>>> print(open('query_2.pdb').read())   # PDB, C-alpha atoms
ATOM      1  CA  MET A 470      96.004 157.899 167.327
ATOM      2  CA  GLY A 471      94.092 154.671 167.915
ATOM      3  CA  SER A 472      90.701 153.884 166.485
ATOM      4  CA  LEU A 473      89.256 153.496 169.983
ATOM      5  CA  LEU A 474      90.332 157.006 170.851
ATOM      6  CA  GLN A 475      88.707 158.330 167.694
ATOM      7  CA  ARG A 476      85.468 156.557 168.563
ATOM      8  CA  ARG A 477      85.421 157.457 172.238
ATOM      9  CA  LEU A 478      86.728 160.943 172.710
ATOM     10  CA  PHE A 479      85.546 164.438 172.087
ATOM     11  CA  HIS A 480      82.253 164.182 170.243
ATOM     12  CA  ALA A 481      80.753 167.178 171.989
ATOM     13  CA  PHE A 482      82.304 170.454 173.095
ATOM     14  CA  ARG A 483      80.796 173.453 174.829
ATOM     15  CA  THR A 484      82.394 176.864 174.982
ATOM     16  CA  LEU A 485      83.570 177.710 178.483
ATOM     17  CA  GLN A 486      82.353 181.106 179.674
ATOM     18  CA  HIS A 487      84.427 182.454 182.516
ATOM     19  CA  GLU A 488      83.590 185.345 184.794
ATOM     20  CA  ASN A 489      87.018 186.652 183.899
ATOM     21  CA  PRO A 490      87.352 186.259 180.101
ATOM     22  CA  LEU A 491      91.131 186.761 180.167
ATOM     23  CA  GLY A 492      91.547 184.179 182.891
ATOM     24  CA  LEU A 493      93.396 186.559 185.196
ATOM     25  CA  PRO A 494      93.545 185.432 188.839
ATOM     26  CA  ARG A 495      91.580 187.423 191.382
ATOM     27  CA  THR A 496      93.349 187.483 194.729
ATOM     28  CA  GLY A 497      94.267 183.828 194.412
ATOM     29  CA  SER A 498      90.653 182.644 194.237
ATOM     30  CA  ILE A 499      89.659 179.412 192.495
ATOM     31  CA  PRO A 500      88.223 180.148 189.003
ATOM     32  CA  ARG A 501      84.486 179.550 188.732
ATOM     33  CA  MET A 502      82.226 178.954 185.790
ATOM     34  CA  GLN A 503      79.427 181.473 185.217
ATOM     35  CA  ARG A 504      76.889 178.719 185.750
ATOM     36  CA  GLY A 505      78.537 177.565 188.961
ATOM     37  CA  LEU A 506      80.928 174.817 189.911
ATOM     38  CA  PRO A 507      80.128 171.302 188.673
ATOM     39  CA  GLU A 508      78.570 169.024 191.226
ATOM     40  CA  ARG A 509      80.999 166.563 192.748
ATOM     41  CA  ARG A 510      80.068 162.993 191.913
ATOM     42  CA  GLN A 511      81.115 159.640 193.246
ATOM     43  CA  ILE A 512      83.018 157.449 190.819
ATOM     44  CA  LYS A 513      80.654 154.579 190.126
ATOM     45  CA  ASP A 514      81.404 151.295 191.918
ATOM     46  CA  VAL A 515      84.374 152.800 193.801
ATOM     47  CA  ALA A 516      84.188 153.011 197.597
ATOM     48  CA  LYS A 517      87.177 155.264 198.337
ATOM     49  CA  VAL A 518      89.202 157.620 196.129
ATOM     50  CA  VAL A 519      92.605 158.976 197.145
ATOM     51  CA  ALA A 520      94.621 161.465 195.090
ATOM     52  CA  VAL A 521      98.419 161.311 195.037
ATOM     53  CA  SER A 522      99.820 164.687 194.105
ATOM     54  CA  SER A 523     102.971 166.762 193.878
ATOM     55  CA  ALA A 524     103.355 170.315 192.713
ATOM     56  CA  LYS A 525     106.881 169.497 191.520
ATOM     57  CA  GLY A 526     107.713 167.031 188.760
ATOM     58  CA  GLY A 527     110.437 164.450 189.184
ATOM     59  CA  VAL A 528     109.840 163.636 192.850
ATOM     60  CA  GLY A 529     108.671 160.069 192.200
ATOM     61  CA  LYS A 530     104.947 160.671 192.610
ATOM     62  CA  SER A 531     103.848 158.105 190.025
ATOM     63  CA  THR A 532     106.169 155.481 191.498
ATOM     64  CA  VAL A 533     104.708 156.136 194.941
ATOM     65  CA  ALA A 534     101.132 156.014 193.602
ATOM     66  CA  ALA A 535     101.751 152.734 191.767
ATOM     67  CA  ASN A 536     103.348 151.076 194.775
ATOM     68  CA  LEU A 537     100.535 152.269 197.044
ATOM     69  CA  SER A 538      97.885 150.759 194.767
ATOM     70  CA  LEU A 539      99.832 147.491 194.793
ATOM     71  CA  ALA A 540     100.207 147.679 198.566
ATOM     72  CA  PHE A 541      96.428 148.004 198.952
ATOM     73  CA  ALA A 542      96.022 144.906 196.773
ATOM     74  CA  ARG A 543      98.495 142.999 198.950
ATOM     75  CA  LEU A 544      96.447 144.016 201.979
ATOM     76  CA  GLY A 545      93.452 142.285 200.420
ATOM     77  CA  TYR A 546      91.571 145.269 199.020
ATOM     78  CA  ARG A 547      90.149 145.529 195.523
ATOM     79  CA  SER A 548      92.522 148.197 194.270
ATOM     80  CA  GLY A 549      92.808 150.342 191.155
ATOM     81  CA  ILE A 550      94.857 153.236 189.855
ATOM     82  CA  LEU A 551      93.799 155.956 187.429
ATOM     83  CA  ASP A 552      96.522 157.854 185.575
ATOM     84  CA  THR A 553      95.175 161.383 185.148
ATOM     85  CA  ASP A 554      98.319 162.763 183.522
ATOM     86  CA  ILE A 555      97.098 163.290 179.969
ATOM     87  CA  PHE A 556     100.413 164.535 178.574
ATOM     88  CA  GLY A 557     102.878 162.262 180.357
ATOM     89  CA  PRO A 558     101.184 159.019 181.470
ATOM     90  CA  SER A 559     103.421 156.685 183.485
ATOM     91  CA  ILE A 560     101.141 153.869 184.600
ATOM     92  CA  PRO A 561     101.442 151.734 181.410
ATOM     93  CA  THR A 562     105.219 151.558 181.900
ATOM     94  CA  LEU A 563     105.045 150.966 185.648
ATOM     95  CA  PHE A 564     102.544 148.120 185.225
ATOM     96  CA  ASP A 565     104.036 146.693 182.015
ATOM     97  CA  LEU A 566     100.764 147.109 180.125
ATOM     98  CA  SER A 567     100.017 148.232 176.573
ATOM     99  CA  GLY A 568      97.318 148.068 173.929
ATOM    100  CA  GLU A 569      93.857 149.513 173.694
ATOM    101  CA  PRO A 570      91.317 148.708 176.421
ATOM    102  CA  ARG A 571      88.105 147.001 175.425
ATOM    103  CA  LEU A 572      84.639 148.478 175.769
ATOM    104  CA  SER A 573      81.933 147.043 178.006
ATOM    105  CA  ASP A 574      78.392 146.280 176.855
ATOM    106  CA  ASN A 575      77.311 149.731 178.056
ATOM    107  CA  ASN A 576      80.116 151.451 176.116
ATOM    108  CA  GLN A 577      82.415 152.012 179.101
ATOM    109  CA  LEU A 578      86.194 151.580 179.028
ATOM    110  CA  LEU A 579      87.314 148.377 180.735
ATOM    111  CA  PRO A 580      90.438 148.716 182.911
ATOM    112  CA  MET A 581      93.577 146.749 182.142
ATOM    113  CA  SER A 582      94.957 144.719 185.048
ATOM    114  CA  ASN A 583      98.293 143.477 186.281
ATOM    115  CA  TYR A 584      99.546 142.269 189.667
ATOM    116  CA  GLY A 585      95.966 142.311 190.976
ATOM    117  CA  VAL A 586      95.421 146.032 190.330
ATOM    118  CA  LYS A 587      93.041 147.521 187.763
ATOM    119  CA  THR A 588      94.494 150.414 185.790
ATOM    120  CA  MET A 589      93.381 153.060 183.320
ATOM    121  CA  SER A 590      95.515 155.608 181.513
ATOM    122  CA  MET A 591      95.532 157.874 178.491
ATOM    123  CA  GLY A 592      98.701 155.990 177.596
ATOM    124  CA  TYR A 593      96.546 153.056 176.487
ATOM    125  CA  LEU A 594      94.599 155.225 174.059
ATOM    126  CA  VAL A 595      97.501 156.816 172.199
ATOM    127  CA  GLY A 596     100.754 155.393 170.907
ATOM    128  CA  GLU A 597     103.597 154.953 173.369
ATOM    129  CA  ASP A 598     105.737 157.568 171.617
ATOM    130  CA  ALA A 599     102.891 159.728 170.336
ATOM    131  CA  PRO A 600     102.701 163.214 171.884
ATOM    132  CA  VAL A 601      99.313 164.456 173.061
ATOM    133  CA  VAL A 602      99.160 167.884 171.436
ATOM    134  CA  TRP A 603      95.777 169.083 172.617
ATOM    135  CA  ARG A 604      94.294 172.333 173.795
ATOM    136  CA  GLY A 605      92.473 172.717 177.085
ATOM    137  CA  LEU A 606      88.973 171.760 175.956
ATOM    138  CA  MET A 607      90.092 168.400 174.574
ATOM    139  CA  VAL A 608      92.156 167.699 177.675
ATOM    140  CA  MET A 609      89.208 168.425 179.955
ATOM    141  CA  LYS A 610      86.923 166.228 177.842
ATOM    142  CA  ALA A 611      89.410 163.354 177.992
ATOM    143  CA  LEU A 612      89.763 163.789 181.735
ATOM    144  CA  GLN A 613      85.999 163.755 182.234
ATOM    145  CA  GLN A 614      85.729 160.492 180.339
ATOM    146  CA  LEU A 615      88.558 158.901 182.307
ATOM    147  CA  LEU A 616      86.839 159.926 185.534
ATOM    148  CA  HIS A 617      83.286 158.923 184.684
ATOM    149  CA  GLU A 618      83.319 156.480 181.753
ATOM    150  CA  VAL A 619      85.414 153.618 183.075
ATOM    151  CA  ASP A 620      83.747 150.427 184.293
ATOM    152  CA  TRP A 621      85.802 149.629 187.412
ATOM    153  CA  GLY A 622      83.601 146.672 188.318
ATOM    154  CA  GLY A 623      83.740 147.358 192.054
ATOM    155  CA  LEU A 624      86.773 148.710 193.920
ATOM    156  CA  ASP A 625      87.498 149.252 197.585
ATOM    157  CA  ILE A 626      89.980 151.993 196.767
ATOM    158  CA  LEU A 627      91.075 153.896 193.666
ATOM    159  CA  VAL A 628      94.374 155.776 193.640
ATOM    160  CA  LEU A 629      94.503 158.819 191.374
ATOM    161  CA  ASP A 630      97.948 159.600 190.000
ATOM    162  CA  LEU A 631      97.693 163.349 189.416
ATOM    163  CA  PRO A 632     100.022 165.245 187.083
ATOM    164  CA  PRO A 633     102.481 167.646 188.731
ATOM    165  CA  GLY A 634     101.322 171.180 189.382
ATOM    166  CA  THR A 635      98.201 172.945 190.604
ATOM    167  CA  GLY A 636      96.481 173.793 187.323
ATOM    168  CA  ASP A 637      93.376 172.954 185.311
ATOM    169  CA  THR A 638      93.615 169.190 185.635
ATOM    170  CA  GLN A 639      93.968 169.192 189.397
ATOM    171  CA  LEU A 640      91.200 171.754 189.780
ATOM    172  CA  SER A 641      88.833 169.848 187.488
ATOM    173  CA  ILE A 642      89.391 166.610 189.383
ATOM    174  CA  THR A 643      88.713 168.200 192.764
ATOM    175  CA  GLN A 644      85.561 169.837 191.389
ATOM    176  CA  GLN A 645      84.169 166.834 189.524
ATOM    177  CA  ILE A 646      84.580 163.923 191.926
ATOM    178  CA  VAL A 647      84.347 163.198 195.638
ATOM    179  CA  LEU A 648      87.842 162.654 197.018
ATOM    180  CA  ASP A 649      88.292 160.918 200.351
ATOM    181  CA  GLY A 650      91.695 162.475 200.751
ATOM    182  CA  SER A 651      94.944 163.573 199.183
ATOM    183  CA  ILE A 652      98.575 162.582 199.664
ATOM    184  CA  ILE A 653     101.411 164.980 198.908
ATOM    185  CA  VAL A 654     104.701 163.521 197.673
ATOM    186  CA  THR A 655     107.938 165.472 197.958
ATOM    187  CA  THR A 656     111.668 165.025 198.338
ATOM    188  CA  PRO A 657     113.663 166.817 201.043
ATOM    189  CA  HIS A 658     115.061 169.234 198.439
ATOM    190  CA  THR A 659     114.280 172.879 199.188
ATOM    191  CA  LEU A 660     112.597 173.561 195.834
ATOM    192  CA  ALA A 661     110.458 170.427 196.042
ATOM    193  CA  VAL A 662     109.327 171.294 199.567
ATOM    194  CA  LYS A 663     108.408 174.833 198.515
ATOM    195  CA  ASP A 664     106.222 173.475 195.728
ATOM    196  CA  ALA A 665     104.739 170.852 198.035
ATOM    197  CA  VAL A 666     103.378 173.705 200.146
ATOM    198  CA  LYS A 667     101.558 175.004 197.057
ATOM    199  CA  GLY A 668      99.937 171.608 196.623
ATOM    200  CA  ILE A 669      98.937 171.539 200.280
ATOM    201  CA  ASN A 670      97.326 174.959 199.996
ATOM    202  CA  MET A 671      95.494 173.978 196.805
ATOM    203  CA  PHE A 672      93.793 171.030 198.501
ATOM    204  CA  LYS A 673      92.914 173.248 201.450
ATOM    205  CA  LYS A 674      91.245 175.761 199.108
ATOM    206  CA  VAL A 675      89.102 173.106 197.451
ATOM    207  CA  ASN A 676      88.251 171.431 200.778
ATOM    208  CA  VAL A 677      89.868 168.073 200.089
ATOM    209  CA  PRO A 678      91.152 166.325 203.235
ATOM    210  CA  LEU A 679      94.937 166.118 203.500
ATOM    211  CA  LEU A 680      95.845 162.600 204.599
ATOM    212  CA  GLY A 681      99.529 163.340 204.962
ATOM    213  CA  LEU A 682     102.848 163.745 203.252
ATOM    214  CA  VAL A 683     105.237 161.137 201.850
ATOM    215  CA  GLN A 684     108.923 162.001 201.825
ATOM    216  CA  ASN A 685     110.476 160.234 198.860
ATOM    217  CA  MET A 686     114.209 159.726 198.261
ATOM    218  CA  SER A 687     114.737 160.721 201.869
ATOM    219  CA  ARG A 688     118.045 159.001 202.547
ATOM    220  CA  PHE A 689     120.646 156.995 200.656
ATOM    221  CA  THR A 690     122.449 154.139 202.368
ATOM    222  CA  CYS A 691     125.772 153.205 200.815
ATOM    223  CA  PRO A 692     125.744 149.473 199.926
ATOM    224  CA  HIS A 693     129.460 149.248 200.744
ATOM    225  CA  CYS A 694     129.985 151.142 203.999
ATOM    226  CA  HIS A 695     126.288 151.121 205.000
ATOM    227  CA  GLN A 696     126.453 154.766 206.045
ATOM    228  CA  GLY A 697     123.396 156.916 205.432
ATOM    229  CA  THR A 698     123.504 160.207 203.492
ATOM    230  CA  SER A 699     120.751 162.778 202.970
ATOM    231  CA  VAL A 700     121.480 163.398 199.287
ATOM    232  CA  PHE A 701     118.745 166.015 198.846
ATOM    233  CA  GLY A 702     119.376 167.790 202.126
ATOM    234  CA  SER A 703     118.016 167.607 205.632
ATOM    235  CA  THR A 704     114.684 165.908 206.200
ATOM    236  CA  GLU A 705     113.874 168.496 208.861
ATOM    237  CA  ARG A 706     112.294 170.784 206.242
ATOM    238  CA  VAL A 707     109.612 168.215 205.481
ATOM    239  CA  LYS A 708     108.955 167.568 209.163
ATOM    240  CA  GLY A 709     108.610 171.306 209.689
ATOM    241  CA  ILE A 710     106.034 171.605 206.903
ATOM    242  CA  CYS A 711     104.026 168.772 208.443
ATOM    243  CA  GLN A 712     103.998 170.527 211.794
ATOM    244  CA  GLU A 713     103.140 173.886 210.264
ATOM    245  CA  HIS A 714     100.147 172.486 208.376
ATOM    246  CA  SER A 715      99.082 169.947 211.024
ATOM    247  CA  MET A 716      99.749 167.023 208.681
ATOM    248  CA  ASP A 717     101.054 163.546 209.343
ATOM    249  CA  LEU A 718     104.311 162.390 207.822
ATOM    250  CA  LEU A 719     103.008 159.135 206.389
ATOM    251  CA  GLY A 720     106.413 157.671 205.714
ATOM    252  CA  ASP A 721     109.926 157.952 204.325
ATOM    253  CA  ILE A 722     110.881 156.171 201.117
ATOM    254  CA  PRO A 723     114.648 155.724 200.809
ATOM    255  CA  LEU A 724     116.671 156.668 197.762
ATOM    256  CA  HIS A 725     117.513 153.283 196.253
ATOM    257  CA  GLN A 726     118.435 152.281 192.731
ATOM    258  CA  ASN A 727     116.129 149.263 192.773
ATOM    259  CA  ILE A 728     113.001 151.376 193.201
ATOM    260  CA  GLY A 729     113.656 153.140 189.903
ATOM    261  CA  ASP A 730     114.816 149.987 188.158
ATOM    262  CA  ASP A 731     111.769 148.054 189.365
ATOM    263  CA  GLY A 732     109.416 150.684 187.962
ATOM    264  CA  GLN A 733     111.265 150.991 184.690
ATOM    265  CA  GLY A 734     111.070 147.225 184.317
ATOM    266  CA  GLY A 735     107.305 147.268 184.792
ATOM    267  CA  LYS A 736     107.314 145.470 188.134
ATOM    268  CA  PRO A 737     107.219 147.971 191.023
ATOM    269  CA  THR A 738     109.002 147.310 194.293
ATOM    270  CA  VAL A 739     105.968 146.068 196.243
ATOM    271  CA  VAL A 740     105.697 143.223 193.708
ATOM    272  CA  SER A 741     109.319 142.657 192.737
ATOM    273  CA  GLU A 742     110.834 142.861 196.234
ATOM    274  CA  PRO A 743     107.916 142.309 198.624
ATOM    275  CA  GLU A 744     110.101 141.450 201.633
ATOM    276  CA  SER A 745     112.469 144.410 201.271
ATOM    277  CA  GLU A 746     112.475 147.368 203.650
ATOM    278  CA  ARG A 747     111.530 149.536 200.691
ATOM    279  CA  ALA A 748     108.387 147.538 200.021
ATOM    280  CA  GLN A 749     107.522 147.537 203.717
ATOM    281  CA  ALA A 750     107.692 151.339 203.715
ATOM    282  CA  PHE A 751     104.996 151.420 201.023
ATOM    283  CA  MET A 752     102.952 148.821 202.911
ATOM    284  CA  ASP A 753     103.084 150.896 206.105
ATOM    285  CA  ILE A 754     101.915 153.994 204.239
ATOM    286  CA  ALA A 755      99.030 152.044 202.695
ATOM    287  CA  ARG A 756      97.956 150.768 206.121
ATOM    288  CA  SER A 757      98.010 154.301 207.521
ATOM    289  CA  VAL A 758      96.035 155.718 204.591
ATOM    290  CA  GLY A 759      93.519 152.868 204.792
ATOM    291  CA  LEU A 760      92.817 153.687 208.429
ATOM    292  CA  LYS A 761      92.418 157.375 207.656
ATOM    293  CA  VAL A 762      89.831 156.842 204.889
ATOM    294  CA  GLY A 763      87.962 154.098 206.728
ATOM    295  CA  LEU A 764      88.892 150.991 204.751
TER     296      LEU A 764
END
>>> encode(input="query_2.pdb", output="structure tokens")
Amino acid sequence: MGSLLQRRLFHAFRTLQHENPLGLPRTGSIPRMQRGLPERRQIKDVAKVVAVSSAKGGVGKSTVAANLSLAFARLGYRSGILDTDIFGPSIPTLFDLSGEPRLSDNNQLLPMSNYGVKTMSMGYLVGEDAPVVWRGLMVMKALQQLLHEVDWGGLDILVLDLPPGTGDTQLSITQQIVLDGSIIVTTPHTLAVKDAVKGINMFKKVNVPLLGLVQNMSRFTCPHCHQGTSVFGSTERVKGICQEHSMDLLGDIPLHQNIGDDGQGGKPTVVSEPESERAQAFMDIARSVGLKVGL
């Protein structure tokens, strides 16, 4: 674990006192602290904050979030991305960045930048192959510092790459900061769509605006015969969910080998293939989201 992490994180802990000491759910209600919910705060020097979420892992959420942040930069906005996945950070790989971030004069973490986008991730503070084996209190403390102790230096929009699920991390983020909206990422697969509904309902419960849904890996086009195939099943399920919850379908991202290869190589599609149809799909989604949040 890096020296910066040792200096920066977890110098003060307070015991959490829940109304329900065993943590058992009460009719699906959002857990509350005995002293009340924390007050939502704006992230300093950030105009708009958008969360990209999926209740199911493996649907390409981080790839979508990274490409959206890059699309905003291409549109001329001061863009950033915050990786809030403490246990499995992806942003360092997607942006080809490593090393420990520096500290500002007022002891704030300074983002690391590539391709015109400012980034911050727990992956910079621990070794690339080092597991984060922490209990809840340390995770929440790290998350709080990532949310409130980064010197972004002025951003038009910050994309939050949320971890999969609807647990403590997602709840803490929605309670601690003002979100201008959320984007749900799913594939057409039945199980992914079912979990996407859970994510939709979570944001409804915490009163975060739902900007729309992105259908990733929607269709594969054979490079030889040029015929399209819905590998993960019909896209009608996703369209039905959008209608049921009065949400916009922000866009379809095709299933294409280059999207994965671009990310793995540290140069996402919006940067590596800016004129491709795949990159244009991300650009169109960014334009739509920008209009919805008032950029």
>>> residues_around(input="query_2.pdb", residues="Asn670 of chain A", least_positions_apart="5", cutoff="10 Å", atoms="all atoms listed in the file", output="ChimeraX atom specification")
/A:635,664-665,675-676,679,714
>>> atom_distance(input="query_2.pdb", atom1="atom CA of Phe672 of chain A", atom2="atom CA of Thr643 of chain A")
8.2 Å
>>> resolve_selection(input="query_2.pdb", expression="the PyMOL selection byres ((chain A and resi 660-663) around 10)", output="list in words")
Ser523, Ala524, Lys525, Gly526, Gly527, Val528, Val654, Thr655, Thr656, Pro657, His658, Thr659, Asp664, Ala665, Val666, Lys667, Gly668, Gln684, Phe701, Arg706, Val707 and Ile710 of chain A
>>> write_last_selection(input="query_2.pdb", atoms="C-alpha atoms", output="PDB file, in the coordinates of the input")
ATOM      1  CA  SER A 523     102.971 166.762 193.878  1.00  0.00           C
ATOM      2  CA  ALA A 524     103.355 170.315 192.713  1.00  0.00           C
ATOM      3  CA  LYS A 525     106.881 169.497 191.520  1.00  0.00           C
ATOM      4  CA  GLY A 526     107.713 167.031 188.760  1.00  0.00           C
ATOM      5  CA  GLY A 527     110.437 164.450 189.184  1.00  0.00           C
ATOM      6  CA  VAL A 528     109.840 163.636 192.850  1.00  0.00           C
ATOM      7  CA  VAL A 654     104.701 163.521 197.673  1.00  0.00           C
ATOM      8  CA  THR A 655     107.938 165.472 197.958  1.00  0.00           C
ATOM      9  CA  THR A 656     111.668 165.025 198.338  1.00  0.00           C
ATOM     10  CA  PRO A 657     113.663 166.817 201.043  1.00  0.00           C
ATOM     11  CA  HIS A 658     115.061 169.234 198.439  1.00  0.00           C
ATOM     12  CA  THR A 659     114.280 172.879 199.188  1.00  0.00           C
ATOM     13  CA  ASP A 664     106.222 173.475 195.728  1.00  0.00           C
ATOM     14  CA  ALA A 665     104.739 170.852 198.035  1.00  0.00           C
ATOM     15  CA  VAL A 666     103.378 173.705 200.146  1.00  0.00           C
ATOM     16  CA  LYS A 667     101.558 175.004 197.057  1.00  0.00           C
ATOM     17  CA  GLY A 668      99.937 171.608 196.623  1.00  0.00           C
ATOM     18  CA  GLN A 684     108.923 162.001 201.825  1.00  0.00           C
ATOM     19  CA  PHE A 701     118.745 166.015 198.846  1.00  0.00           C
ATOM     20  CA  ARG A 706     112.294 170.784 206.242  1.00  0.00           C
ATOM     21  CA  VAL A 707     109.612 168.215 205.481  1.00  0.00           C
ATOM     22  CA  ILE A 710     106.034 171.605 206.903  1.00  0.00           C
TER      23      ILE A 710
END
>>> closest_atom_pairs(input="query_2.pdb", of="segment 599-660 of chain A", to="segment 542-557 of chain A", cutoff="10 Å", atoms="all atoms listed in the file", output="tab-separated table")
residue	atom	partner	partner_atom	distance
A:Ala599	CA	A:Phe556	CA	9.9
A:Pro600	CA	A:Phe556	CA	7.2
A:Val601	CA	A:Phe556	CA	5.6
A:Val602	CA	A:Phe556	CA	8.0
A:Trp603	CA	A:Phe556	CA	8.8
A:Val608	CA	A:Ile555	CA	7.0
A:Met609	CA	A:Ile555	CA	9.4
A:Ala611	CA	A:Ile555	CA	7.9
A:Leu612	CA	A:Thr553	CA	6.8
A:Gln613	CA	A:Thr553	CA	9.9
A:Leu615	CA	A:Thr553	CA	7.6
A:Leu616	CA	A:Leu551	CA	8.2
A:Val619	CA	A:Leu551	CA	9.7
A:Trp621	CA	A:Gly549	CA	8.0
A:Gly622	CA	A:Arg547	CA	9.8
A:Gly623	CA	A:Arg547	CA	7.5
A:Leu624	CA	A:Arg547	CA	4.9
A:Asp625	CA	A:Arg547	CA	5.0
A:Ile626	CA	A:Ser548	CA	5.2
A:Leu627	CA	A:Gly549	CA	4.7
A:Val628	CA	A:Ile550	CA	4.6
A:Leu629	CA	A:Leu551	CA	4.9
A:Asp630	CA	A:Asp552	CA	5.0
A:Leu631	CA	A:Thr553	CA	5.3
A:Pro632	CA	A:Asp554	CA	4.7
A:Pro633	CA	A:Asp554	CA	8.3
A:Thr638	CA	A:Thr553	CA	8.0
A:Gln639	CA	A:Thr553	CA	9.0
A:Ile642	CA	A:Thr553	CA	8.9
>>> resolve_selection(input="query_2.pdb", expression="the PyMOL selection byres ((chain A and resi 721-732) around 6)", output="PDB file with C-alpha atoms, keeping the file's coordinate frame")
ATOM      1  CA  LEU A 563     105.045 150.966 185.648  1.00  0.00           C
ATOM      2  CA  GLN A 684     108.923 162.001 201.825  1.00  0.00           C
ATOM      3  CA  ASN A 685     110.476 160.234 198.860  1.00  0.00           C
ATOM      4  CA  MET A 686     114.209 159.726 198.261  1.00  0.00           C
ATOM      5  CA  SER A 687     114.737 160.721 201.869  1.00  0.00           C
ATOM      6  CA  ARG A 688     118.045 159.001 202.547  1.00  0.00           C
ATOM      7  CA  PHE A 689     120.646 156.995 200.656  1.00  0.00           C
ATOM      8  CA  GLY A 720     106.413 157.671 205.714  1.00  0.00           C
ATOM      9  CA  GLN A 733     111.265 150.991 184.690  1.00  0.00           C
ATOM     10  CA  GLY A 734     111.070 147.225 184.317  1.00  0.00           C
ATOM     11  CA  GLY A 735     107.305 147.268 184.792  1.00  0.00           C
ATOM     12  CA  LYS A 736     107.314 145.470 188.134  1.00  0.00           C
ATOM     13  CA  PRO A 737     107.219 147.971 191.023  1.00  0.00           C
ATOM     14  CA  THR A 738     109.002 147.310 194.293  1.00  0.00           C
TER      15      THR A 738
END
>>> residues_around(input="query_2.pdb", residues="Pro678 of chain A", least_positions_apart="2", cutoff="8 Å", atoms="only C-alpha atoms", output="JSON, numbers by chain")
{"A": [648, 649, 650, 651, 672, 673, 676, 680]}
>>> write_last_selection(input="query_2.pdb", atoms="C-alpha atoms", output="PDB file, in the frame of the given file")
ATOM      1  CA  LEU A 648      87.842 162.654 197.018  1.00  0.00           C
ATOM      2  CA  ASP A 649      88.292 160.918 200.351  1.00  0.00           C
ATOM      3  CA  GLY A 650      91.695 162.475 200.751  1.00  0.00           C
ATOM      4  CA  SER A 651      94.944 163.573 199.183  1.00  0.00           C
ATOM      5  CA  PHE A 672      93.793 171.030 198.501  1.00  0.00           C
ATOM      6  CA  LYS A 673      92.914 173.248 201.450  1.00  0.00           C
ATOM      7  CA  ASN A 676      88.251 171.431 200.778  1.00  0.00           C
ATOM      8  CA  LEU A 680      95.845 162.600 204.599  1.00  0.00           C
TER       9      LEU A 680
END
>>> atom_distance(input="query_2.pdb", atom1="atom CA of Ser715 of chain A", atom2="atom CA of Leu682 of chain A")
10.6 Å
>>> atom_distance(input="query_2.pdb", atom1="atom CA of Ile653 of chain A", atom2="atom CA of Ser522 of chain A")
5.1 Å
>>> closest_residue(input="query_2.pdb", among="A:Ala540, A:Leu594, A:Val586, A:Ile646", to="Arg510 of chain A", atoms="only C-alpha atoms")
A:Ile646
>>> axis_aligned_box(input="query_2.pdb", around="segment 519-534 of chain A", padding_each_side="8 Å", output="AutoDock Vina command-line options")
--center_x 101.5 --center_y 162.9 --center_z 193.0 --size_x 33.8 --size_y 30.8 --size_z 24.4
>>> resolve_selection(input="query_2.pdb", expression="the PyMOL selection byres ((chain A and resi 534) around 9)", output="list in words")
Ala520, Val521, Ser522, Gly529, Lys530, Ser531, Thr532, Val533, Ala535, Asn536, Leu537, Ser538, Leu539, Ile550, Val628, Leu629 and Asp630 of chain A
>>> write_last_selection(input="query_2.pdb", atoms="C-alpha atoms", output="CSV table (one decimal), keeping the file's coordinate frame")
chain,number,residue,atom,x,y,z
A,520,ALA,CA,94.6,161.5,195.1
A,521,VAL,CA,98.4,161.3,195.0
A,522,SER,CA,99.8,164.7,194.1
A,529,GLY,CA,108.7,160.1,192.2
A,530,LYS,CA,104.9,160.7,192.6
A,531,SER,CA,103.8,158.1,190.0
A,532,THR,CA,106.2,155.5,191.5
A,533,VAL,CA,104.7,156.1,194.9
A,535,ALA,CA,101.8,152.7,191.8
A,536,ASN,CA,103.3,151.1,194.8
A,537,LEU,CA,100.5,152.3,197.0
A,538,SER,CA,97.9,150.8,194.8
A,539,LEU,CA,99.8,147.5,194.8
A,550,ILE,CA,94.9,153.2,189.9
A,628,VAL,CA,94.4,155.8,193.6
A,629,LEU,CA,94.5,158.8,191.4
A,630,ASP,CA,97.9,159.6,190.0
>>> closest_residue(input="query_2.pdb", among="A:Tyr584, A:Phe564, A:Tyr593, A:Phe541", to="Ser757 of chain A", atoms="all atoms listed in the file")
A:Phe541
>>> closest_residue(input="query_2.pdb", among="A:Ser641, A:Leu719, A:Ile512, A:His693", to="Ile754 of chain A", atoms="only C-alpha atoms")
A:Leu719
>>> closest_residue(input="query_2.pdb", among="A:Asp753, A:Glu742, A:Asp637, A:Asp620", to="Met671 of chain A", atoms="all atoms listed in the file")
A:Asp637
>>> closest_residue(input="query_2.pdb", among="A:Gly759, A:Asp717, A:Val647, A:Arg747", to="Val515 of chain A", atoms="all atoms listed in the file")
A:Val647
